$ cat entry-v8.cif   # mmCIF, C-alpha atoms and all ligand atoms
data_model
#
loop_
_atom_site.group_PDB
_atom_site.id
_atom_site.type_symbol
_atom_site.label_atom_id
_atom_site.label_comp_id
_atom_site.auth_asym_id
_atom_site.auth_seq_id
_atom_site.Cartn_x
_atom_site.Cartn_y
_atom_site.Cartn_z
ATOM 1 C CA MET O 257 0.000 0.000 0.000
ATOM 2 C CA ASN O 258 1.445 3.368 -0.881
ATOM 3 C CA GLU O 259 0.110 6.870 -0.639
ATOM 4 C CA PHE O 260 -1.358 6.848 -4.143
ATOM 5 C CA GLN O 261 -4.049 4.413 -3.250
ATOM 6 C CA GLN O 262 -5.391 7.153 -1.025
ATOM 7 C CA ILE O 263 -5.727 9.766 -3.762
ATOM 8 C CA PRO O 264 -9.338 9.877 -4.862
ATOM 9 C CA GLY O 265 -9.932 9.408 -8.579
ATOM 10 C CA ILE O 266 -6.777 7.431 -9.250
ATOM 11 C CA SER O 267 -6.294 3.716 -9.663
ATOM 12 C CA LEU O 268 -3.433 1.377 -10.468
ATOM 13 C CA SER O 269 -3.588 0.489 -14.137
ATOM 14 C CA TYR O 270 -0.329 -1.268 -15.002
ATOM 15 C CA LYS O 271 2.869 -2.483 -13.392
ATOM 16 C CA GLY O 272 5.869 -2.040 -15.674
ATOM 17 C CA LYS O 273 9.257 -3.512 -14.908
ATOM 18 C CA VAL O 274 10.293 -0.490 -12.881
ATOM 19 C CA ARG O 275 7.261 1.792 -12.758
ATOM 20 C CA ASP O 276 3.746 1.500 -11.383
ATOM 21 C CA ILE O 277 1.304 3.370 -13.560
ATOM 22 C CA TYR O 278 -1.814 4.905 -12.047
ATOM 23 C CA GLU O 279 -4.580 6.360 -14.127
ATOM 24 C CA THR O 280 -7.058 9.135 -13.494
ATOM 25 C CA LYS O 281 -10.755 8.329 -13.723
ATOM 26 C CA ASN O 282 -11.209 10.446 -16.852
ATOM 27 C CA GLN O 283 -8.402 8.363 -18.437
ATOM 28 C CA LYS O 284 -6.578 11.498 -19.552
ATOM 29 C CA TYR O 285 -3.609 11.374 -17.230
ATOM 30 C CA LEU O 286 -1.215 8.875 -15.762
ATOM 31 C CA LEU O 287 0.674 9.111 -12.535
ATOM 32 C CA ILE O 288 3.959 7.333 -13.088
ATOM 33 C CA PHE O 289 5.481 6.107 -9.855
ATOM 34 C CA THR O 290 9.109 5.012 -10.214
ATOM 35 C CA THR O 291 9.820 2.213 -7.755
ATOM 36 C CA ASP O 292 13.224 0.974 -6.539
ATOM 37 C CA ARG O 293 12.767 -2.227 -8.535
ATOM 38 C CA ILE O 294 15.689 -3.488 -10.617
ATOM 39 C CA SER O 295 15.372 -5.046 -14.021
ATOM 40 C CA ALA O 296 18.087 -6.340 -16.313
ATOM 41 C CA PHE O 297 17.895 -8.397 -19.486
ATOM 42 C CA ASP O 298 14.106 -7.860 -19.292
ATOM 43 C CA PHE O 299 13.979 -9.742 -15.967
ATOM 44 C CA VAL O 300 12.516 -8.055 -12.879
ATOM 45 C CA PHE O 301 14.181 -8.841 -9.564
ATOM 46 C CA ASP O 302 12.408 -9.005 -6.218
ATOM 47 C CA ASP O 303 15.405 -7.290 -4.679
ATOM 48 C CA THR O 304 15.351 -3.479 -4.787
ATOM 49 C CA ILE O 305 17.911 -0.682 -4.563
ATOM 50 C CA LEU O 306 17.003 2.087 -2.161
ATOM 51 C CA GLY O 307 16.870 5.517 -3.754
ATOM 52 C CA ARG O 308 17.019 4.308 -7.352
ATOM 53 C CA GLY O 309 13.477 5.336 -8.220
ATOM 54 C CA VAL O 310 13.807 8.885 -6.938
ATOM 55 C CA LEU O 311 17.025 9.387 -8.872
ATOM 56 C CA LEU O 312 15.592 8.067 -12.137
ATOM 57 C CA ASN O 313 12.473 10.175 -11.780
ATOM 58 C CA LYS O 314 14.347 13.370 -10.993
ATOM 59 C CA LEU O 315 16.780 12.916 -13.855
ATOM 60 C CA SER O 316 13.951 12.318 -16.347
ATOM 61 C CA LEU O 317 12.154 15.441 -15.137
ATOM 62 C CA PHE O 318 15.374 17.420 -15.564
ATOM 63 C CA TRP O 319 15.753 16.273 -19.181
ATOM 64 C CA PHE O 320 12.089 16.710 -20.090
ATOM 65 C CA ASN O 321 12.415 20.314 -19.016
ATOM 66 C CA MET O 322 15.692 20.788 -20.909
ATOM 67 C CA THR O 323 14.322 19.414 -24.175
ATOM 68 C CA LYS O 324 10.809 20.857 -24.203
ATOM 69 C CA ASP O 325 11.609 23.191 -27.103
ATOM 70 C CA ILE O 326 12.716 20.286 -29.304
ATOM 71 C CA VAL O 327 9.582 18.158 -28.905
ATOM 72 C CA LYS O 328 6.372 18.213 -26.873
ATOM 73 C CA ASN O 329 6.589 15.857 -23.910
ATOM 74 C CA HIS O 330 4.066 14.156 -21.656
ATOM 75 C CA ILE O 331 4.688 16.120 -18.433
ATOM 76 C CA VAL O 332 1.622 17.937 -17.060
ATOM 77 C CA ASP O 333 0.968 19.914 -13.959
ATOM 78 C CA ILE O 334 -2.572 19.501 -12.733
ATOM 79 C CA LYS O 335 -3.260 21.089 -9.416
ATOM 80 C CA GLU O 336 -6.547 19.242 -8.754
ATOM 81 C CA LEU O 337 -4.730 16.000 -8.160
ATOM 82 C CA LYS O 338 -3.227 17.403 -4.979
ATOM 83 C CA ILE O 339 0.099 15.692 -5.576
ATOM 84 C CA ASN O 340 1.612 18.316 -3.329
ATOM 85 C CA GLU O 341 -0.165 16.768 -0.389
ATOM 86 C CA LEU O 342 1.817 13.572 -0.765
ATOM 87 C CA GLY O 343 4.905 13.050 1.336
ATOM 88 C CA GLN O 344 8.221 14.212 -0.106
ATOM 89 C CA GLU O 345 9.362 10.655 -0.848
ATOM 90 C CA SER O 346 6.294 9.890 -2.983
ATOM 91 C CA ARG O 347 6.400 13.270 -4.703
ATOM 92 C CA ASP O 348 10.031 12.737 -5.699
ATOM 93 C CA ARG O 349 9.141 9.424 -7.246
ATOM 94 C CA CYS O 350 6.225 10.442 -9.350
ATOM 95 C CA MET O 351 5.428 12.346 -12.472
ATOM 96 C CA LEU O 352 2.047 13.290 -13.737
ATOM 97 C CA VAL O 353 1.751 12.844 -17.482
ATOM 98 C CA LYS O 354 -0.631 13.033 -20.372
ATOM 99 C CA LYS O 355 -1.851 9.564 -21.290
ATOM 100 C CA THR O 356 -0.962 8.769 -24.888
ATOM 101 C CA LYS O 357 -1.277 5.922 -27.322
ATOM 102 C CA VAL O 358 2.198 4.398 -27.141
ATOM 103 C CA VAL O 359 4.014 3.940 -30.464
ATOM 104 C CA PRO O 360 5.214 0.313 -30.246
ATOM 105 C CA ILE O 361 8.816 1.171 -31.124
ATOM 106 C CA GLU O 362 11.931 1.788 -29.060
ATOM 107 C CA ALA O 363 13.681 4.681 -30.795
ATOM 108 C CA ILE O 364 17.355 3.971 -30.178
ATOM 109 C CA VAL O 365 20.089 6.413 -31.150
ATOM 110 C CA ARG O 366 23.766 5.517 -31.000
ATOM 111 C CA GLY O 367 26.664 7.939 -31.208
ATOM 112 C CA TYR O 368 29.295 5.278 -30.513
ATOM 113 C CA LEU O 369 29.711 1.602 -31.310
ATOM 114 C CA ALA O 370 29.050 -0.259 -28.064
ATOM 115 C CA GLY O 371 26.802 -2.797 -26.399
ATOM 116 C CA SER O 372 24.605 -4.962 -28.599
ATOM 117 C CA ALA O 373 25.496 -2.927 -31.728
ATOM 118 C CA TRP O 374 29.176 -3.796 -31.172
ATOM 119 C CA GLU O 375 28.334 -7.482 -30.620
ATOM 120 C CA PHE O 376 26.311 -7.469 -33.833
ATOM 121 C CA TYR O 377 29.069 -5.703 -35.775
ATOM 122 C CA LYS O 378 31.691 -8.207 -34.575
ATOM 123 C CA LYS O 379 29.609 -11.059 -35.983
ATOM 124 C CA THR O 380 28.285 -9.496 -39.181
ATOM 125 C CA LYS O 381 30.396 -6.395 -39.944
ATOM 126 C CA MET O 382 27.084 -4.618 -40.252
ATOM 127 C CA ILE O 383 26.342 -1.146 -38.933
ATOM 128 C CA ASP O 384 22.833 0.181 -39.052
ATOM 129 C CA ASN O 385 21.688 -2.907 -40.989
ATOM 130 C CA LYS O 386 24.167 -2.282 -43.794
ATOM 131 C CA LYS O 387 27.523 -3.959 -44.437
ATOM 132 C CA SER O 388 30.162 -1.400 -43.583
ATOM 133 C CA ASN O 389 33.175 -0.702 -45.791
ATOM 134 C CA ILE O 390 34.946 1.058 -42.979
ATOM 135 C CA LEU O 391 36.511 -0.967 -40.170
ATOM 136 C CA PHE O 392 35.280 0.028 -36.746
ATOM 137 C CA LYS O 393 36.808 -0.381 -33.329
ATOM 138 C CA GLN O 394 34.807 -1.005 -30.169
ATOM 139 C CA PHE O 395 33.520 2.281 -28.668
ATOM 140 C CA GLU O 396 34.340 4.201 -31.847
ATOM 141 C CA LYS O 397 32.375 7.395 -32.398
ATOM 142 C CA PHE O 398 30.243 7.455 -35.531
ATOM 143 C CA LYS O 399 30.571 10.454 -37.848
ATOM 144 C CA GLU O 400 26.844 10.969 -37.424
ATOM 145 C CA PRO O 401 24.657 9.260 -34.794
ATOM 146 C CA ILE O 402 22.734 6.285 -36.137
ATOM 147 C CA PHE O 403 19.120 5.311 -35.538
ATOM 148 C CA THR O 404 18.605 1.612 -34.684
ATOM 149 C CA PRO O 405 14.964 1.010 -33.733
ATOM 150 C CA SER O 406 13.573 -2.050 -32.021
ATOM 151 C CA THR O 407 10.071 -3.266 -31.356
ATOM 152 C CA LYS O 408 8.622 -2.575 -27.951
ATOM 153 C CA ALA O 409 7.884 -6.078 -26.782
ATOM 154 C CA GLN O 410 4.855 -7.077 -24.750
ATOM 155 C CA LYS O 411 5.490 -7.966 -21.127
ATOM 156 C CA GLY O 412 7.569 -11.116 -20.752
ATOM 157 C CA SER O 413 9.081 -11.149 -24.223
ATOM 158 C CA LYS O 414 12.217 -9.497 -25.562
ATOM 159 C CA ASP O 415 12.531 -6.447 -27.794
ATOM 160 C CA LYS O 416 13.624 -7.233 -31.325
ATOM 161 C CA ASN O 417 15.933 -5.056 -33.424
ATOM 162 C CA ILE O 418 14.355 -4.017 -36.702
ATOM 163 C CA SER O 419 15.476 -2.100 -39.773
ATOM 164 C CA PHE O 420 14.159 1.365 -40.541
ATOM 165 C CA ASP O 421 12.137 -0.152 -43.401
ATOM 166 C CA GLU O 422 10.532 -2.650 -41.018
ATOM 167 C CA MET O 423 9.719 0.238 -38.693
ATOM 168 C CA LYS O 424 8.048 2.039 -41.617
ATOM 169 C CA ASN O 425 6.001 -1.067 -42.354
ATOM 170 C CA LEU O 426 4.883 -1.239 -38.746
ATOM 171 C CA ILE O 427 3.936 2.379 -38.044
ATOM 172 C CA GLY O 428 4.025 4.184 -41.396
ATOM 173 C CA ASP O 429 6.591 6.184 -43.366
ATOM 174 C CA GLN O 430 5.794 9.641 -42.115
ATOM 175 C CA LEU O 431 5.638 8.803 -38.426
ATOM 176 C CA SER O 432 8.882 6.825 -38.747
ATOM 177 C CA GLU O 433 10.707 9.711 -40.428
ATOM 178 C CA THR O 434 9.468 12.173 -37.825
ATOM 179 C CA ILE O 435 10.444 9.933 -34.916
ATOM 180 C CA LYS O 436 13.890 9.357 -36.393
ATOM 181 C CA ASP O 437 14.388 13.061 -36.976
ATOM 182 C CA ILE O 438 13.311 14.072 -33.465
ATOM 183 C CA SER O 439 15.357 11.262 -31.887
ATOM 184 C CA ILE O 440 18.575 12.355 -33.605
ATOM 185 C CA LYS O 441 17.917 15.982 -32.642
ATOM 186 C CA LEU O 442 17.332 15.018 -29.003
ATOM 187 C CA TYR O 443 20.445 12.869 -28.922
ATOM 188 C CA ASN O 444 22.647 15.571 -30.465
ATOM 189 C CA PHE O 445 21.335 18.166 -28.044
ATOM 190 C CA ALA O 446 21.873 15.995 -24.966
ATOM 191 C CA HIS O 447 25.260 14.714 -26.128
ATOM 192 C CA THR O 448 26.561 18.258 -26.591
ATOM 193 C CA PHE O 449 25.158 19.329 -23.233
ATOM 194 C CA ALA O 450 26.407 16.318 -21.286
ATOM 195 C CA ILE O 451 29.940 16.195 -22.639
ATOM 196 C CA LYS O 452 30.581 19.661 -21.217
ATOM 197 C CA LYS O 453 29.530 18.250 -17.841
ATOM 198 C CA GLY O 454 31.888 15.302 -18.085
ATOM 199 C CA ILE O 455 29.439 12.659 -19.289
ATOM 200 C CA ILE O 456 29.309 11.053 -22.698
ATOM 201 C CA ILE O 457 25.904 9.752 -23.676
ATOM 202 C CA ALA O 458 27.035 6.918 -25.917
ATOM 203 C CA ASP O 459 23.546 5.749 -26.822
ATOM 204 C CA THR O 460 19.992 6.100 -25.599
ATOM 205 C CA LYS O 461 16.399 5.025 -26.087
ATOM 206 C CA PHE O 462 13.256 7.117 -26.496
ATOM 207 C CA GLU O 463 9.591 6.236 -26.474
ATOM 208 C CA PHE O 464 6.900 8.251 -28.180
ATOM 209 C CA GLY O 465 3.130 8.386 -27.913
ATOM 210 C CA ILE O 466 0.327 10.037 -29.841
ATOM 211 C CA ASP O 467 -2.055 12.320 -27.959
ATOM 212 C CA GLU O 468 -5.769 12.793 -28.613
ATOM 213 C CA ASP O 469 -5.049 15.602 -31.093
ATOM 214 C CA GLY O 470 -2.640 13.425 -33.056
ATOM 215 C CA ASN O 471 0.520 15.143 -31.791
ATOM 216 C CA ILE O 472 3.738 13.182 -31.320
ATOM 217 C CA ILE O 473 4.685 13.274 -27.654
ATOM 218 C CA LEU O 474 7.939 12.234 -26.005
ATOM 219 C CA ILE O 475 6.985 9.877 -23.148
ATOM 220 C CA ASP O 476 8.385 7.423 -20.596
ATOM 221 C CA GLU O 477 11.855 8.195 -19.161
ATOM 222 C CA LEU O 478 14.556 10.384 -20.688
ATOM 223 C CA PHE O 479 18.375 10.190 -20.713
ATOM 224 C CA THR O 480 18.570 8.216 -17.478
ATOM 225 C CA PRO O 481 21.345 5.690 -16.813
ATOM 226 C CA ASP O 482 18.672 2.988 -17.238
ATOM 227 C CA CYS O 483 17.810 3.910 -20.820
ATOM 228 C CA SER O 484 21.193 5.315 -21.871
ATOM 229 C CA ARG O 485 24.843 4.357 -21.860
ATOM 230 C CA PHE O 486 26.920 6.877 -19.908
ATOM 231 C CA TRP O 487 30.707 7.160 -19.892
ATOM 232 C CA LEU O 488 32.816 9.578 -17.890
ATOM 233 C CA TYR O 489 34.667 12.141 -19.958
ATOM 234 C CA ASP O 490 37.652 14.147 -18.784
ATOM 235 C CA ASN O 491 37.564 17.515 -20.560
ATOM 236 C CA LYS O 492 41.114 18.394 -19.560
ATOM 237 C CA THR O 493 42.813 15.305 -20.956
ATOM 238 C CA ASN O 494 40.153 14.574 -23.575
ATOM 239 C CA THR O 495 39.915 10.958 -22.383
ATOM 240 C CA ILE O 496 36.959 8.669 -21.927
ATOM 241 C CA ASP O 497 36.544 6.131 -19.145
ATOM 242 C CA TYR O 498 34.496 3.357 -20.756
ATOM 243 C CA ASN O 499 33.551 1.895 -17.393
ATOM 244 C CA SER O 500 29.811 1.987 -17.453
ATOM 245 C CA PHE O 501 27.975 4.551 -15.433
ATOM 246 C CA ASP O 502 24.674 3.020 -16.340
ATOM 247 C CA LYS O 503 22.803 -0.261 -16.183
ATOM 248 C CA GLN O 504 25.606 -2.062 -18.000
ATOM 249 C CA PHE O 505 27.347 -2.206 -14.618
ATOM 250 C CA LEU O 506 24.559 -4.434 -13.331
ATOM 251 C CA ARG O 507 24.490 -6.506 -16.519
ATOM 252 C CA ASN O 508 28.256 -7.036 -16.212
ATOM 253 C CA TYR O 509 27.816 -8.249 -12.652
ATOM 254 C CA LEU O 510 25.170 -10.754 -13.767
ATOM 255 C CA ILE O 511 27.428 -11.970 -16.575
ATOM 256 C CA ASP O 512 30.344 -12.323 -14.122
ATOM 257 C CA ILE O 513 28.364 -14.514 -11.730
ATOM 258 C CA LYS O 514 26.936 -16.560 -14.645
ATOM 259 C CA TRP O 515 23.418 -15.601 -13.616
ATOM 260 C CA LYS O 516 20.815 -18.219 -14.571
ATOM 261 C CA ASN O 517 17.663 -16.129 -15.009
ATOM 262 C CA ASN O 518 16.699 -16.670 -11.395
ATOM 263 C CA GLN O 519 15.807 -14.398 -8.497
ATOM 264 C CA ILE O 520 18.920 -13.363 -6.614
ATOM 265 C CA LYS O 521 19.815 -10.952 -3.850
ATOM 266 C CA PHE O 522 22.405 -8.444 -4.988
ATOM 267 C CA PRO O 523 25.390 -8.007 -2.654
ATOM 268 C CA GLN O 524 25.314 -4.779 -0.681
ATOM 269 C CA GLU O 525 28.540 -3.525 -2.284
ATOM 270 C CA ILE O 526 27.112 -3.965 -5.795
ATOM 271 C CA LYS O 527 24.014 -1.974 -4.864
ATOM 272 C CA LYS O 528 26.143 0.698 -3.262
ATOM 273 C CA GLU O 529 28.465 0.926 -6.253
ATOM 274 C CA LEU O 530 25.530 1.178 -8.654
ATOM 275 C CA MET O 531 23.985 4.018 -6.657
ATOM 276 C CA ASN O 532 27.358 5.787 -6.383
ATOM 277 C CA ARG O 533 27.633 5.694 -10.152
ATOM 278 C CA TYR O 534 24.038 6.772 -10.769
ATOM 279 C CA ASN O 535 24.418 9.584 -8.226
ATOM 280 C CA LEU O 536 27.658 10.810 -9.753
ATOM 281 C CA ALA O 537 26.075 10.899 -13.220
ATOM 282 C CA TYR O 538 23.087 12.790 -11.782
ATOM 283 C CA ASP O 539 25.274 15.320 -9.980
ATOM 284 C CA LEU O 540 27.501 15.960 -12.973
ATOM 285 C CA LEU O 541 24.564 16.406 -15.341
ATOM 286 C CA THR O 542 22.371 18.603 -13.179
ATOM 287 C CA HIS O 543 24.911 20.944 -11.564
HETATM 288 N N1 LIG K 601 2.677 9.294 -21.440
HETATM 289 C C1 LIG K 601 2.516 7.976 -21.503
HETATM 290 N N2 LIG K 601 1.377 7.446 -22.029
HETATM 291 C C2 LIG K 601 1.188 6.099 -22.084
HETATM 292 N N3 LIG K 601 2.071 5.197 -21.628
HETATM 293 C C3 LIG K 601 3.230 5.653 -21.103
HETATM 294 C C4 LIG K 601 3.513 7.059 -21.013
HETATM 295 N N4 LIG K 601 4.746 7.216 -20.454
HETATM 296 C C5 LIG K 601 5.202 5.965 -20.220
HETATM 297 N N5 LIG K 601 4.310 5.022 -20.600
HETATM 298 C C6 LIG K 601 4.466 3.570 -20.474
HETATM 299 O O1 LIG K 601 4.572 3.283 -19.084
HETATM 300 C C7 LIG K 601 5.476 2.207 -18.852
HETATM 301 C C8 LIG K 601 6.589 2.683 -17.891
HETATM 302 O O2 LIG K 601 6.906 1.696 -16.968
HETATM 303 P P1 LIG K 601 8.216 0.810 -17.065
HETATM 304 O O3 LIG K 601 8.379 0.141 -15.765
HETATM 305 O O4 LIG K 601 9.356 1.621 -17.594
HETATM 306 O O5 LIG K 601 7.695 -0.218 -18.156
HETATM 307 P P2 LIG K 601 8.454 -1.236 -19.106
HETATM 308 O O6 LIG K 601 8.510 -2.519 -18.365
HETATM 309 O O7 LIG K 601 7.548 -1.297 -20.311
HETATM 310 O O8 LIG K 601 9.803 -0.632 -19.414
HETATM 311 C C9 LIG K 601 6.048 1.843 -20.212
HETATM 312 O O9 LIG K 601 5.376 0.707 -20.705
HETATM 313 C C10 LIG K 601 5.748 3.052 -21.087
HETATM 314 O O10 LIG K 601 5.583 2.730 -22.449
HETATM 315 MG MG MG K 602 10.769 1.207 -19.185
#

$ encode --input "entry-v8.cif" --output "C-alpha cells" --more "lines below"
Ligand SMILES: Nc1ncnc2c1ncn2[C@@H]1O[C@H](COP(=O)(O)OP(=O)(O)O)[C@@H](O)[C@H]1O
Ligand SMILES: [Mg+2]
Amino acid sequence: MNEFQQIPGISLSYKGKVRDIYETKNQKYLLIFTTDRISAFDFVFDDTILGRGVLLNKLSLFWFNMTKDIVKNHIVDIKELKINELGQESRDRCMLVKKTKVVPIEAIVRGYLAGSAWEFYKKTKMIDNKKSNILFKQFEKFKEPIFTPSTKAQKGSKDKNISFDEMKNLIGDQLSETIKDISIKLYNFAHTFAIKKGIIIADTKFEFGIDEDGNIILIDELFTPDCSRFWLYDNKTNTIDYNSFDKQFLRNYLIDIKWKNNQIKFPQEIKKELMNRYNLAYDLLTH
C-alpha cells in the first residue's frame, strides 16, 4: 500500500518492470510512480535498490524540461490532483503525465559503437543494418549518430531489433521519419550538453506516444542511466573512461556470476556501487 491508493480518482492500471502506472478516472492522465525495482535483461528482480526510483524520476524530469523546445513531452501539472499533499518521498518518485497511445517502437540512437550494436558488428560487420566498408573499433564514435529502432515487446518477451524499413512497415513512413528526426535531434542536443559536464551519452532510447489531437509526444523516461549508456569524460585530458555509469554495470555483474535467469539478492557492495555511479552521473549532469 502506498500513498497513491489514497488519492481519490486514481487507480493502479499497469505495473511495468520499474514503474507503477496509475490512471485518473477520466483516463486522460497517468501518474507514473518510479519504484526501486531493478530489471536487467528484461527480468525483474524481487530485490530493490534504495533511492534508485527517486534518482531516475528526478533525472527524467530534468531532461524533459531541458528538451521541451525540441519536442512536446508528456509532463503535465494539474493542481486538482493534490500531488503536493503527498509526502516528499512519494512526490520525488512520481510524475504526472498526459496519457498517450504508445508507439510500439523503441527509438534507439547511438553515437558510438558499443553494447549490442558492437556485438552485432563483430559477428556481421554490419552497422545500421548495412555492411560497412569502414573498419570500426569497439567504442568508436560514428561520424553521425545512427538510428537503430527495435520493437517494444509485450510484457515477458524481448525487444527485437528491426530495420528502418521494417519500422516504416509497422507504423508508417511519415511517423517513422518524424520519430527518427526528433530522436537524432534530441540525442545531439543531450550529447553536446552532457559532454561539457563530463558525461558522454554513448547511446539512448526514447519512447513516443500520440495524444488525442494526433501530436507526437515524447513519453516514458529520458536520458537516465537505465535507458542510456553513460561514460565519464575528462575535458582536460580529452579521455573517456568506458567503465559503465549506467545499467551495464549491473548486466556485467550478472554476466560475471553466470546468472541463470533466477531471483537473486544483490550483494550490498554492488548496490552501493551502482547508486554511487548513478548519483555521480546525476550530480555531474544537473549541476
Ligand atoms: N505518457 C505515456 N502514455 C502512455 N504510456 C506511457 C507514457 N509514459 C510511459 N508510458 C508507459 O509506461 C510504462 C513505464 O513503466 P516501465 O516500468 O518503464 O515499463 P516497461 O517494463 O515497459 O519498461 C512503459 O510501458 C511506457 O511505455
Ligand atoms: Mg521502461

$ closest_residue --input "entry-v8.cif" --among "O:Asp384, O:Glu341, O:Asp482, O:Asp333" --to "Lys461 in chain O" --atoms "only C-alpha atoms"
O:Asp482

$ resolve_selection --input "entry-v8.cif" --expression "the PyMOL selection byres (((chain O and resi 276) around 10) and not hetatm)" --output "list in words"
Leu268, Ser269, Tyr270, Lys271, Gly272, Lys273, Val274, Arg275, Ile277, Tyr278, Leu286, Leu287, Ile288, Phe289, Thr290, Thr291 and Cys350 of chain O

$ resolve_selection --input "entry-v8.cif" --expression "the PyMOL selection byres (((chain O and resi 299) around 10) and not hetatm)" --output "PyMOL selection string"
chain O and resi 273+294-298+300-302+412-414+517-519

$ atom_distance --input "entry-v8.cif" --atom1 "CA of Phe376 in chain O" --atom2 "CA of Thr460 in chain O"
17.1 Å

$ closest_residue --input "entry-v8.cif" --among "O:Met351, O:Ile334, O:Ile513, O:Ile361" --to "Ser406 in chain O" --atoms "all atoms listed in the file"
O:Ile361

$ closest_residue --input "entry-v8.cif" --among "O:Ile455, O:Ile475, O:Leu369, O:Ile435" --to "ligand MG 602 (chain K)" --atoms "all atoms listed in the file"
O:Ile475

$ resolve_selection --input "entry-v8.cif" --expression "the PyMOL selection byres (((chain O and resi 540-542) around 7) and not hetatm)" --output "list in words"
Ala450, Lys453, Gly454, Leu536, Ala537, Tyr538, Asp539 and His543 of chain O

$ closest_residue --input "entry-v8.cif" --among "O:Gln283, O:Ser346, O:Thr480, O:Gln410" --to "Leu312 in chain O" --atoms "all atoms listed in the file"
O:Thr480

$ atom_distance --input "entry-v8.cif" --atom1 "CA of Lys328 in chain O" --atom2 "CA of Gly343 in chain O"
28.7 Å

$ axis_aligned_box --input "entry-v8.cif" --around "range 530-539 of chain O" --padding-each-side "5 Å" --output "AutoDock Vina command-line options"
--center_x 25.4 --center_y 8.2 --center_z -9.8 --size_x 14.6 --size_y 24.1 --size_z 16.8

$ atom_distance --input "entry-v8.cif" --atom1 "CA of Arg507 in chain O" --atom2 "CA of Leu442 in chain O"
25.9 Å

$ closest_residue --input "entry-v8.cif" --among "O:Trp319, O:Thr356, O:Tyr285, O:Arg308" --to "Tyr534 in chain O" --atoms "all atoms listed in the file"
O:Arg308

$ closest_residue --input "entry-v8.cif" --among "O:Ser316, O:Asn385, O:Asn329, O:Thr304" --to "Asp467 in chain O" --atoms "all atoms listed in the file"
O:Asn329

$ residues_around --input "entry-v8.cif" --residues "Lys503 in chain O" --least-positions-apart "2" --cutoff "9 Å" --atoms "all atoms listed in the file" --output "list in words"
Ala296, Pro481, Asp482, Cys483, Ser484, Arg485, Ser500, Phe501, Phe505, Leu506, Arg507, Asn508, Leu530 and Tyr534 of chain O

$ residues_near_point --input "entry-v8.cif" --point "(5.4, -0.3, -35.8)" --cutoff "9 Å" --atoms "all atoms listed in the file" --output "ChimeraX atom specification"
/O:359-361,407-408,422-428,432

$ build_atoms --input "entry-v8.cif" --residues "range 419-434 of chain O" --atoms "N, CA and C atoms" --output "PDB file, in the coordinates of the input"
ATOM      1  N   SER O 419      14.910  -3.103 -38.868  1.00  0.00           N
ATOM      2  CA  SER O 419      15.476  -2.100 -39.773  1.00  0.00           C
ATOM      3  C   SER O 419      14.516  -0.911 -39.837  1.00  0.00           C
ATOM      4  N   PHE O 420      15.020   0.190 -40.400  1.00  0.00           N
ATOM      5  CA  PHE O 420      14.159   1.365 -40.541  1.00  0.00           C
ATOM      6  C   PHE O 420      12.985   1.051 -41.470  1.00  0.00           C
ATOM      7  N   ASP O 421      13.229   0.231 -42.494  1.00  0.00           N
ATOM      8  CA  ASP O 421      12.137  -0.152 -43.401  1.00  0.00           C
ATOM      9  C   ASP O 421      11.065  -0.967 -42.666  1.00  0.00           C
ATOM     10  N   GLU O 422      11.516  -1.872 -41.798  1.00  0.00           N
ATOM     11  CA  GLU O 422      10.532  -2.650 -41.018  1.00  0.00           C
ATOM     12  C   GLU O 422       9.733  -1.728 -40.098  1.00  0.00           C
ATOM     13  N   MET O 423      10.422  -0.731 -39.548  1.00  0.00           N
ATOM     14  CA  MET O 423       9.719   0.238 -38.693  1.00  0.00           C
ATOM     15  C   MET O 423       8.651   0.958 -39.510  1.00  0.00           C
ATOM     16  N   LYS O 424       9.010   1.354 -40.742  1.00  0.00           N
ATOM     17  CA  LYS O 424       8.048   2.039 -41.617  1.00  0.00           C
ATOM     18  C   LYS O 424       6.839   1.147 -41.898  1.00  0.00           C
ATOM     19  N   ASN O 425       7.114  -0.144 -42.119  1.00  0.00           N
ATOM     20  CA  ASN O 425       6.001  -1.067 -42.354  1.00  0.00           C
ATOM     21  C   ASN O 425       5.076  -1.165 -41.152  1.00  0.00           C
ATOM     22  N   LEU O 426       5.678  -1.081 -39.972  1.00  0.00           N
ATOM     23  CA  LEU O 426       4.883  -1.239 -38.746  1.00  0.00           C
ATOM     24  C   LEU O 426       4.046  -0.008 -38.420  1.00  0.00           C
ATOM     25  N   ILE O 427       4.644   1.184 -38.545  1.00  0.00           N
ATOM     26  CA  ILE O 427       3.936   2.379 -38.044  1.00  0.00           C
ATOM     27  C   ILE O 427       3.754   3.463 -39.103  1.00  0.00           C
ATOM     28  N   GLY O 428       4.223   3.202 -40.323  1.00  0.00           N
ATOM     29  CA  GLY O 428       4.025   4.184 -41.396  1.00  0.00           C
ATOM     30  C   GLY O 428       5.273   5.015 -41.659  1.00  0.00           C
ATOM     31  N   ASP O 429       5.391   5.456 -42.932  1.00  0.00           N
ATOM     32  CA  ASP O 429       6.591   6.184 -43.366  1.00  0.00           C
ATOM     33  C   ASP O 429       6.751   7.508 -42.635  1.00  0.00           C
ATOM     34  N   GLN O 430       5.668   8.275 -42.614  1.00  0.00           N
ATOM     35  CA  GLN O 430       5.794   9.641 -42.115  1.00  0.00           C
ATOM     36  C   GLN O 430       6.119   9.671 -40.622  1.00  0.00           C
ATOM     37  N   LEU O 431       5.392   8.850 -39.872  1.00  0.00           N
ATOM     38  CA  LEU O 431       5.638   8.803 -38.426  1.00  0.00           C
ATOM     39  C   LEU O 431       7.061   8.314 -38.147  1.00  0.00           C
ATOM     40  N   SER O 432       7.521   7.347 -38.931  1.00  0.00           N
ATOM     41  CA  SER O 432       8.882   6.825 -38.747  1.00  0.00           C
ATOM     42  C   SER O 432       9.922   7.914 -38.997  1.00  0.00           C
ATOM     43  N   GLU O 433       9.747   8.645 -40.096  1.00  0.00           N
ATOM     44  CA  GLU O 433      10.707   9.711 -40.428  1.00  0.00           C
ATOM     45  C   GLU O 433      10.726  10.770 -39.321  1.00  0.00           C
ATOM     46  N   THR O 434       9.539  11.129 -38.857  1.00  0.00           N
ATOM     47  CA  THR O 434       9.468  12.173 -37.825  1.00  0.00           C
ATOM     48  C   THR O 434      10.137  11.703 -36.539  1.00  0.00           C
TER      49      THR O 434
END
